[in-house]
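Colleague: My file is query.cif. It has mmCIF, C-alpha atoms, pLDDT in the B column; chains and numbers go by the auth columns:
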```
data_structure
#
loop_
_atom_site.group_PDB
_atom_site.id
_atom_site.type_symbol
_atom_site.label_atom_id
_atom_site.label_comp_id
_atom_site.label_asym_id
_atom_site.label_seq_id
_atom_site.Cartn_x
_atom_site.Cartn_y
_atom_site.Cartn_z
_atom_site.B_iso_or_equiv
_atom_site.auth_seq_id
_atom_site.auth_asym_id
ATOM 1 C CA MET A 1 -27.870 -45.082 0.023 56.00 1 A
ATOM 2 C CA ASP A 2 -29.804 -46.536 -2.923 64.00 2 A
ATOM 3 C CA ASP A 3 -28.694 -49.720 -4.597 73.00 3 A
ATOM 4 C CA PRO A 4 -27.496 -49.309 -8.168 83.00 4 A
ATOM 5 C CA SER A 5 -30.352 -49.569 -10.619 92.00 5 A
ATOM 6 C CA ARG A 6 -30.793 -50.667 -14.206 92.00 6 A
ATOM 7 C CA ILE A 7 -33.837 -48.390 -14.521 94.00 7 A
ATOM 8 C CA ARG A 8 -33.186 -45.100 -16.283 95.00 8 A
ATOM 9 C CA LYS A 9 -33.798 -41.762 -14.550 95.00 9 A
ATOM 10 C CA ASP A 10 -35.253 -38.722 -16.260 93.00 10 A
ATOM 11 C CA PRO A 11 -32.334 -36.261 -16.540 95.00 11 A
ATOM 12 C CA ASP A 12 -34.596 -33.261 -15.909 95.00 12 A
ATOM 13 C CA THR A 13 -36.502 -34.513 -12.849 93.00 13 A
ATOM 14 C CA GLY A 14 -34.124 -37.135 -11.439 94.00 14 A
ATOM 15 C CA LEU A 15 -37.084 -39.525 -11.127 95.00 15 A
ATOM 16 C CA TYR A 16 -37.103 -43.061 -12.459 95.00 16 A
ATOM 17 C CA VAL A 17 -38.916 -43.222 -15.775 94.00 17 A
ATOM 18 C CA ASN A 18 -40.623 -46.445 -14.641 95.00 18 A
ATOM 19 C CA ILE A 19 -41.125 -46.285 -10.883 96.00 19 A
ATOM 20 C CA PRO A 20 -42.987 -49.638 -10.638 96.00 20 A
ATOM 21 C CA ALA A 21 -40.046 -51.311 -12.393 96.00 21 A
ATOM 22 C CA ARG A 22 -37.632 -49.731 -9.896 96.00 22 A
ATOM 23 C CA ILE A 23 -39.753 -50.972 -6.971 96.00 23 A
ATOM 24 C CA ARG A 24 -39.839 -54.457 -8.501 96.00 24 A
ATOM 25 C CA GLU A 25 -36.053 -54.292 -8.801 96.00 25 A
ATOM 26 C CA ILE A 26 -35.750 -53.413 -5.091 95.00 26 A
ATOM 27 C CA PHE A 27 -38.195 -56.239 -4.269 95.00 27 A
ATOM 28 C CA ARG A 28 -36.177 -58.836 -6.228 94.00 28 A
ATOM 29 C CA ARG A 29 -33.029 -58.003 -4.267 94.00 29 A
ATOM 30 C CA ASN A 30 -34.608 -58.901 -0.918 93.00 30 A
ATOM 31 C CA ARG A 31 -33.163 -62.228 0.232 95.00 31 A
ATOM 32 C CA PHE A 32 -36.024 -62.949 2.656 94.00 32 A
ATOM 33 C CA PHE A 33 -38.632 -62.501 -0.062 94.00 33 A
ATOM 34 C CA ARG A 34 -36.716 -64.965 -2.234 94.00 34 A
ATOM 35 C CA PHE A 35 -36.310 -67.420 0.672 94.00 35 A
ATOM 36 C CA MET A 36 -40.041 -67.317 1.454 94.00 36 A
ATOM 37 C CA ASP A 37 -40.901 -67.374 -2.281 95.00 37 A
ATOM 38 C CA ILE A 38 -42.985 -64.197 -1.910 97.00 38 A
ATOM 39 C CA ARG A 39 -44.131 -62.734 -5.226 97.00 39 A
ATOM 40 C CA LEU A 40 -45.020 -59.142 -6.067 98.00 40 A
ATOM 41 C CA ASP A 41 -48.352 -58.851 -7.883 97.00 41 A
ATOM 42 C CA ASP A 42 -49.111 -55.153 -8.088 96.00 42 A
ATOM 43 C CA VAL A 43 -47.504 -51.866 -7.147 96.00 43 A
ATOM 44 C CA SER A 44 -48.742 -48.289 -7.272 96.00 44 A
ATOM 45 C CA CYS A 45 -48.174 -45.156 -5.218 97.00 45 A
ATOM 46 C CA GLY A 46 -49.009 -45.959 -1.582 97.00 46 A
ATOM 47 C CA HIS A 47 -50.115 -49.521 -2.333 98.00 47 A
ATOM 48 C CA CYS A 48 -48.776 -52.945 -3.195 97.00 48 A
ATOM 49 C CA ARG A 49 -49.948 -56.537 -3.246 98.00 49 A
ATOM 50 C CA ILE A 50 -47.864 -59.656 -2.745 98.00 50 A
ATOM 51 C CA HIS A 51 -48.617 -63.365 -2.473 98.00 51 A
ATOM 52 C CA MET A 52 -47.062 -66.592 -1.242 97.00 52 A
ATOM 53 C CA ASP A 53 -48.138 -70.185 -1.784 96.00 53 A
ATOM 54 C CA THR A 54 -48.580 -72.324 1.327 94.00 54 A
ATOM 55 C CA VAL A 55 -46.977 -75.751 1.439 91.00 55 A
ATOM 56 C CA HIS A 56 -47.873 -78.232 4.176 89.00 56 A
ATOM 57 C CA ASP A 57 -44.356 -79.577 4.723 89.00 57 A
ATOM 58 C CA ARG A 58 -42.938 -76.065 5.065 90.00 58 A
ATOM 59 C CA HIS A 59 -45.648 -74.068 6.803 89.00 59 A
ATOM 60 C CA ALA A 60 -47.506 -76.445 9.164 89.00 60 A
ATOM 61 C CA ASN A 61 -47.323 -75.936 12.905 87.00 61 A
ATOM 62 C CA HIS A 62 -47.791 -78.550 15.648 89.00 62 A
ATOM 63 C CA ARG A 63 -51.608 -78.303 15.271 89.00 63 A
ATOM 64 C CA ASN A 64 -51.298 -79.059 11.544 87.00 64 A
ATOM 65 C CA VAL A 65 -52.488 -75.634 10.378 87.00 65 A
ATOM 66 C CA VAL A 66 -50.551 -72.826 8.710 89.00 66 A
ATOM 67 C CA HIS A 67 -48.304 -71.321 11.370 91.00 67 A
ATOM 68 C CA GLY A 68 -49.357 -67.812 12.428 91.00 68 A
ATOM 69 C CA GLY A 69 -45.745 -66.734 11.944 93.00 69 A
ATOM 70 C CA VAL A 70 -46.071 -67.436 8.228 94.00 70 A
ATOM 71 C CA ILE A 71 -49.072 -65.126 8.001 95.00 71 A
ATOM 72 C CA THR A 72 -47.220 -62.543 10.094 95.00 72 A
ATOM 73 C CA ALA A 73 -44.091 -62.811 7.922 95.00 73 A
ATOM 74 C CA VAL A 74 -46.077 -62.221 4.732 96.00 74 A
ATOM 75 C CA SER A 75 -47.912 -59.277 6.305 95.00 75 A
ATOM 76 C CA ASN A 76 -44.643 -57.778 7.594 95.00 76 A
ATOM 77 C CA ALA A 77 -43.092 -58.156 4.137 95.00 77 A
ATOM 78 C CA VAL A 78 -45.856 -56.078 2.576 97.00 78 A
ATOM 79 C CA LEU A 79 -45.431 -53.287 5.173 97.00 79 A
ATOM 80 C CA ALA A 80 -41.898 -52.218 4.273 94.00 80 A
ATOM 81 C CA LEU A 81 -42.509 -52.736 0.571 97.00 81 A
ATOM 82 C CA THR A 82 -45.557 -50.478 0.751 98.00 82 A
ATOM 83 C CA ALA A 83 -43.342 -47.767 2.273 98.00 83 A
ATOM 84 C CA VAL A 84 -41.019 -48.107 -0.738 98.00 84 A
ATOM 85 C CA THR A 85 -43.968 -47.171 -2.989 98.00 85 A
ATOM 86 C CA VAL A 86 -43.805 -43.651 -1.504 98.00 86 A
ATOM 87 C CA GLY A 87 -40.015 -43.533 -1.740 97.00 87 A
ATOM 88 C CA LEU A 88 -39.192 -44.533 1.836 98.00 88 A
ATOM 89 C CA ARG A 89 -36.835 -47.138 3.227 97.00 89 A
ATOM 90 C CA ALA A 90 -38.403 -48.050 6.561 97.00 90 A
ATOM 91 C CA ARG A 91 -38.367 -50.703 9.254 96.00 91 A
ATOM 92 C CA THR A 92 -41.201 -51.906 11.428 96.00 92 A
ATOM 93 C CA LEU A 93 -41.267 -50.379 14.910 97.00 93 A
ATOM 94 C CA SER A 94 -44.562 -51.911 15.974 97.00 94 A
ATOM 95 C CA SER A 95 -47.375 -53.839 14.400 97.00 95 A
ATOM 96 C CA ASN A 96 -50.656 -55.303 15.513 97.00 96 A
ATOM 97 C CA VAL A 97 -51.855 -58.414 13.704 97.00 97 A
ATOM 98 C CA VAL A 98 -55.457 -59.482 14.174 97.00 98 A
ATOM 99 C CA PHE A 99 -55.948 -63.093 13.083 96.00 99 A
ATOM 100 C CA ILE A 100 -59.423 -63.775 11.737 97.00 100 A
ATOM 101 C CA ARG A 101 -59.159 -67.236 10.187 95.00 101 A
ATOM 102 C CA ASN A 102 -56.504 -69.627 9.017 92.00 102 A
ATOM 103 C CA ILE A 103 -55.686 -70.441 5.435 90.00 103 A
ATOM 104 C CA ASP A 104 -55.571 -73.810 3.705 85.00 104 A
ATOM 105 C CA PHE A 105 -52.410 -75.604 2.691 85.00 105 A
ATOM 106 C CA ASP A 106 -51.600 -75.783 -0.984 88.00 106 A
ATOM 107 C CA SER A 107 -53.312 -72.427 -1.265 92.00 107 A
ATOM 108 C CA THR A 108 -52.138 -68.831 -1.547 96.00 108 A
ATOM 109 C CA ILE A 109 -51.802 -66.045 1.002 97.00 109 A
ATOM 110 C CA TYR A 110 -52.361 -62.546 -0.422 98.00 110 A
ATOM 111 C CA ALA A 111 -51.233 -59.430 1.442 98.00 111 A
ATOM 112 C CA GLU A 112 -52.196 -55.951 0.343 98.00 112 A
ATOM 113 C CA GLY A 113 -50.564 -52.901 1.931 98.00 113 A
ATOM 114 C CA PHE A 114 -51.783 -49.298 2.095 98.00 114 A
ATOM 115 C CA VAL A 115 -49.918 -46.191 3.260 98.00 115 A
ATOM 116 C CA GLU A 116 -52.165 -44.461 5.793 98.00 116 A
ATOM 117 C CA ASN A 117 -49.994 -41.548 6.954 98.00 117 A
ATOM 118 C CA ILE A 118 -46.509 -40.189 6.348 98.00 118 A
ATOM 119 C CA GLY A 119 -44.890 -38.251 9.182 98.00 119 A
ATOM 120 C CA THR A 120 -41.430 -36.782 9.546 97.00 120 A
ATOM 121 C CA LYS A 121 -39.941 -39.849 11.257 98.00 121 A
ATOM 122 C CA THR A 122 -42.585 -42.552 10.821 98.00 122 A
ATOM 123 C CA VAL A 123 -44.993 -43.927 8.249 98.00 123 A
ATOM 124 C CA THR A 124 -48.199 -45.743 9.145 98.00 124 A
ATOM 125 C CA VAL A 125 -49.155 -48.700 6.962 98.00 125 A
ATOM 126 C CA SER A 126 -52.134 -51.050 7.087 98.00 126 A
ATOM 127 C CA ALA A 127 -52.430 -54.447 5.475 98.00 127 A
ATOM 128 C CA HIS A 128 -55.156 -56.917 4.632 98.00 128 A
ATOM 129 C CA VAL A 129 -54.236 -60.577 4.364 98.00 129 A
ATOM 130 C CA SER A 130 -56.677 -62.782 2.447 97.00 130 A
ATOM 131 C CA ASP A 131 -57.152 -66.192 0.900 95.00 131 A
ATOM 132 C CA PRO A 132 -57.770 -66.910 -2.804 95.00 132 A
ATOM 133 C CA ALA A 133 -61.538 -66.475 -2.316 95.00 133 A
ATOM 134 C CA GLY A 134 -60.916 -62.958 -0.977 96.00 134 A
ATOM 135 C CA ARG A 135 -61.874 -63.870 2.609 97.00 135 A
ATOM 136 C CA LEU A 136 -60.005 -61.851 5.201 98.00 136 A
ATOM 137 C CA VAL A 137 -57.382 -63.910 7.058 96.00 137 A
ATOM 138 C CA ALA A 138 -55.774 -61.106 9.089 97.00 138 A
ATOM 139 C CA THR A 139 -55.534 -57.339 9.368 98.00 139 A
ATOM 140 C CA VAL A 140 -52.421 -55.403 10.310 97.00 140 A
ATOM 141 C CA GLU A 141 -51.768 -51.868 11.518 98.00 141 A
ATOM 142 C CA ALA A 142 -48.120 -50.853 11.776 98.00 142 A
ATOM 143 C CA THR A 143 -45.832 -47.951 12.465 98.00 143 A
ATOM 144 C CA LEU A 144 -42.562 -47.957 10.568 98.00 144 A
ATOM 145 C CA GLU A 145 -39.490 -45.861 11.250 98.00 145 A
ATOM 146 C CA ILE A 146 -38.305 -43.935 8.195 98.00 146 A
ATOM 147 C CA LEU A 147 -34.607 -44.668 7.646 98.00 147 A
ATOM 148 C CA TRP A 148 -34.108 -42.619 4.476 96.00 148 A
ATOM 149 C CA ALA A 149 -35.781 -41.627 1.229 96.00 149 A
ATOM 150 C CA PHE A 150 -35.023 -43.357 -2.053 94.00 150 A
ATOM 151 C CA GLU A 151 -33.703 -41.015 -4.693 93.00 151 A
ATOM 152 C CA GLY A 152 -35.875 -41.072 -7.781 95.00 152 A
ATOM 153 C CA ILE A 153 -39.078 -42.344 -6.112 96.00 153 A
ATOM 154 C CA PRO A 154 -41.223 -39.416 -4.987 96.00 154 A
ATOM 155 C CA GLU A 155 -43.908 -39.502 -2.303 95.00 155 A
ATOM 156 C CA MET A 156 -46.595 -38.924 -4.948 95.00 156 A
ATOM 157 C CA TRP A 157 -46.578 -40.430 -8.439 95.00 157 A
ATOM 158 C CA THR A 158 -48.998 -41.966 -10.892 88.00 158 A
ATOM 159 C CA THR A 159 -48.835 -45.467 -12.292 69.00 159 A
ATOM 160 C CA PRO A 160 -47.990 -45.705 -15.981 60.00 160 A
ATOM 161 C CA GLU A 161 -50.088 -47.838 -18.287 50.00 161 A
ATOM 162 C CA PHE A 162 -47.782 -50.811 -17.704 47.00 162 A
ATOM 163 C CA ASN A 163 -47.086 -52.279 -14.263 45.00 163 A
#
```
Can you give me the file's structure in the form of structure tokens?

Modeller:
Amino acid sequence: MDDPSRIRKDPDTGLYVNIPARIREIFRRNRFFRFMDIRLDDVSCGHCRIHMDTVHDRHANHRNVVHGGVITAVSNAVLALTAVTVGLRARTLSSNVVFIRNIDFDSTIYAEGFVENIGTKTVTVSAHVSDPAGRLVATVEATLEILWAFEGIPEMWTTPEFN
């Protein structure tokens, strides 16, 4: 069920020779990420970090602050992508977002995801959302349903020198 890839697989192991590049390829194909202009900063096994710039005319709510749905959308984006880092295609079943503070306009929202537990049918992922100064904006705990495993991306792998 994988999308075709331009990344080469090792003929002996069947694993992608550059797993971060394969994950970036999967990321680039996501229409919602492109629509929201979400960027992938870092990827490693069980972890990834994304960011999105906030724009007043696009992200303001009726109180003239960044809409909580924008923060939630960025945090939800990092959840499924973090599952991909352990070779899993997954969808969010439930998540709990704790809002701590808002973020300024014409700033950047960072979301960092961490795989906490992998079960037979679900994966648990946490996320920290922060501002450019590293102040926590929100925390997220989520349970995702595992839909299938990506061929060529194992549950455990090490990051090569390049990323």

Colleague: CA of His128 in chain A and CA of Tyr16 in chain A, how far apart in Å?

Modeller: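 About the pair CA of Tyr16 in chain A and CA of His128 in chain A: they are 28.5 Å apart.
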
Colleague: Quick one, how far is CA of Gly134 in chain A from CA of Ala83 in chain A?

Modeller: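 Going from CA of Gly134 in chain A over to CA of Ala83 in chain A, I get 23.5 Å.
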
Colleague: Could you build a table of the residues in range 11-91 of chain A lying no more than 8 Å from range 154-158 of chain A, giving for each the nearest pair of atoms and their separation in Å rounded to one decimal place, using all atoms listed in the file, ordered by chain and ascending residue number, as JSON lines?

Modeller:
```
{"residue": "A:Leu15", "atom": "CA", "partner": "A:Pro154", "partner_atom": "CA", "distance": 7.4}
{"residue": "A:Ser44", "atom": "CA", "partner": "A:Thr158", "partner_atom": "CA", "distance": 7.3}
{"residue": "A:Cys45", "atom": "CA", "partner": "A:Trp157", "partner_atom": "CA", "distance": 5.9}
{"residue": "A:Thr85", "atom": "CA", "partner": "A:Glu155", "partner_atom": "CA", "distance": 7.7}
{"residue": "A:Val86", "atom": "CA", "partner": "A:Glu155", "partner_atom": "CA", "distance": 4.2}
{"residue": "A:Gly87", "atom": "CA", "partner": "A:Pro154", "partner_atom": "CA", "distance": 5.4}
```

Colleague: In Å, with one decimal, what is the gap from CA of Val74 in chain A to CA of Tyr110 in chain A?

Modeller: 8.1 Å

Colleague: Might I get the box with edges along x, y and z of the file that holds all atoms of range 27-45 of chain A listed there, padded by 4 Å on every side, given as centre and edge lengths in Å to one decimal, as JSON?

Modeller:
```
{"center_x": -41.1, "center_y": -56.3, "center_z": -2.7, "size_x": 24.1, "size_y": 30.3, "size_z": 18.7}
```

Colleague: Considering only C-alpha atoms, state which residue in the set A:Leu147, A:Val115, A:Ile71, A:Ile153 is at the smallest distance from Ile19 in chain A.

Modeller: A:Ile153

Colleague: I need the output of the PyMOL selection byres ((chain A and resi 40) around 7) for this file as an NGL selection string; which residues are they?

Modeller: :A and (38-39 or 41-42 or 49-51)

Colleague: Using all atoms listed in the file, which residue out of A:Val17, A:Ile7, A:Val66, A:Leu144 lies closest to Arg101 in chain A?

Modeller: A:Val66

Colleague: Could you list, as a list in words, every residue matched by the PyMOL selection byres ((chain A and resi 5) around 9) in this structure?

Modeller: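 Those residues are Asp2, Asp3, Pro4, Arg6, Ile7, Arg8, Arg22, Glu25 and Ile26 of chain A.
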
Colleague: Env of Phe114 in chain A: 8 Å cut, atoms = only C-alpha atoms, seq-sep filter 4 positions within chain, self excluded. Answer as a list of chain:residue names.

Modeller: A:Gly46, A:His47, A:Cys48, A:Thr82, A:Val125, A:Ser126, A:Ala127

Colleague: Considering all atoms listed in the file, can you say which of A:Phe99, A:Phe27, A:Trp148, A:Phe105 comes closest to Val55 in chain A?

Modeller: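 Among the listed residues, A:Phe105 lies closest to Val55 in chain A.
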
Colleague: Which residues, named as in the file, does the PyMOL selection byres ((chain A and resi 104) around 9) pick out? Answer as a ChimeraX atom specification.

Modeller: /A:54,56,65-66,102-103,105-108,131

Colleague: Measuring atom to atom with all atoms listed in the file, identify which of A:Pro132, A:Arg63, A:Arg29, A:Glu151 is nearest to Ile109 in chain A.

Modeller: A:Pro132

Colleague: Pick out the closest residue to Leu93 in chain A from this set: A:Ile146, A:Val43, A:Val129, A:Ile118. Count all atoms listed in the file.

Modeller: A:Ile146

Colleague: Using only C-alpha atoms, pick whichever of A:Arg28, A:Val97, A:Ala73, A:Phe35 has the shortest atom-to-atom distance to Val137 in chain A.

Modeller: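 Smallest separation from Val137 in chain A among the options: A:Val97.
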